[in-house]
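Single-structure report; data block below.
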Amino acid sequence: MKINTFNSALIRVQEIPEIVNGVVAIVEKHNPVTLGIEPIYNLLVDNQSQLGLLSVNRTGHPLTGSIRNYRARRNDLGKAIVIQLRAVEKANVSVHQDSVFKLKPLISGLLMKINTVNSKTADSNTGVFLSKLAQSEELRLAATDIGIDSIVEEMKVIQSALESEVTIRLNDQSEQRIIREKELRKSTLKTFSNLMKAIELAMLTSEVDYTSVVAELNQFLVPYKALTRGRSTRNTNAAIDKETVASSTTTTATAL
């Protein structure tokens, strides 16, 4: 008996866990020791244990501490703005009342809980707050009037540096995830392929009956064989269409 094979290059990363989980469950049921394939089976089990780590960043990024410090300082500035607004409002000096009236909804809505909301919300709220001020001269004048303009300027500097480092960290983590996916995908599919070959070789020399395990594996792998065959056909047709278009364009250009 032959085990269903397919072009592993056409298997997508998100499909690998379900393939590995299914194969491991089938082989485990039939006892890999009895089947004489325990070493290569254990390698696949080891790969299986790592599949859940594809989307996890296991190592701390060098900018994480700096980002944490920027957020703490930014939050302190946000609280200082809230405190100053409350102080001016409580003083109830008539010349400042209009400025308090204009700024209070913005400050209360975006900065009042800056130290208790999650970091992403605080980042977003601060960005909106600074953007609203940047877009309105009336609000900027009000900020100067109640004495928070210097705090706002420092907050702008801190927020800009914070956003820059968060972007760098996200890009680095994305690149690291892609590298991990490629490495794990390659090693897992290679181990899977070697396990299938080990079973087929064992059938030639062992007295154990492999009929049942091969039948179950084939039944399980049929959908993936059909899936990759369909992708291969689509890729071939797409390549033919591309060549046809290129040939047609060249012919037309030559005719002109």
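Order determines the names: the first chain of the structure tokens is A, the second B, and so forth; residues in each chain are numbered 1 upward, and ligands are numbered 1 upward as they are shown.
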Residue contacts of segment 23-34 of chain A (9 Å, only C-alpha atoms) excluding same-chain residues fewer than 3 positions away, as a count of residues only | 19
Using only C-alpha atoms, what does the table of segment 149-233 of chain A residues within 9 Å of segment 114-123 of chain A look like, with each row giving the shortest atom pair and its distance in Å to one decimal, sorted by chain and ascending number, as a tab-separated table?
```
residue	atom	partner	partner_atom	distance
A:Gln159	CA	A:Asp123	CA	7.9
A:Leu162	CA	A:Asp123	CA	8.7
A:Glu163	CA	A:Asp123	CA	8.2
```
For the selection you just gave me, I'd like the residues written to a file as a PDB file, in the first residue's frame, keeping C-alpha atoms.
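Listing of selection_11.pdb after writing:
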```pdb
ATOM      1  CA  GLN A 159       4.085  60.852  21.929  1.00  0.00           C
ATOM      2  CA  LEU A 162       6.642  56.636  21.508  1.00  0.00           C
ATOM      3  CA  GLU A 163       4.813  56.126  18.202  1.00  0.00           C
TER       4      GLU A 163
END
```
A:Ala239, A:Ile178, A:Leu63, A:Leu130 ranked by distance to Leu111 of chain A, top pick (using only C-alpha atoms) | A:Leu130
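Across the model, the gap from atom CA of Leu103 of chain A to atom CA of Leu139 of chain A is 6.8 Å.
Here atom CA of Phe6 of chain A is placed at a distance of 7.2 Å from atom CA of Tyr224 of chain A.
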Closest to Asn171 of chain A among A:Lys2, A:His61, A:Val95, A:Asn75, using only C-alpha atoms?
-> A:His61
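The interatomic distance for the pair atom CA of Phe101 of chain A and atom CA of Val157 of chain A works out to 26.2 Å.
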For Arg86 of chain A: contacts at 10 Å, only C-alpha atoms, fewer than 5 positions along chain excluded, given as a PyMOL selection string | chain A and resi 80-81+91-92+100+104
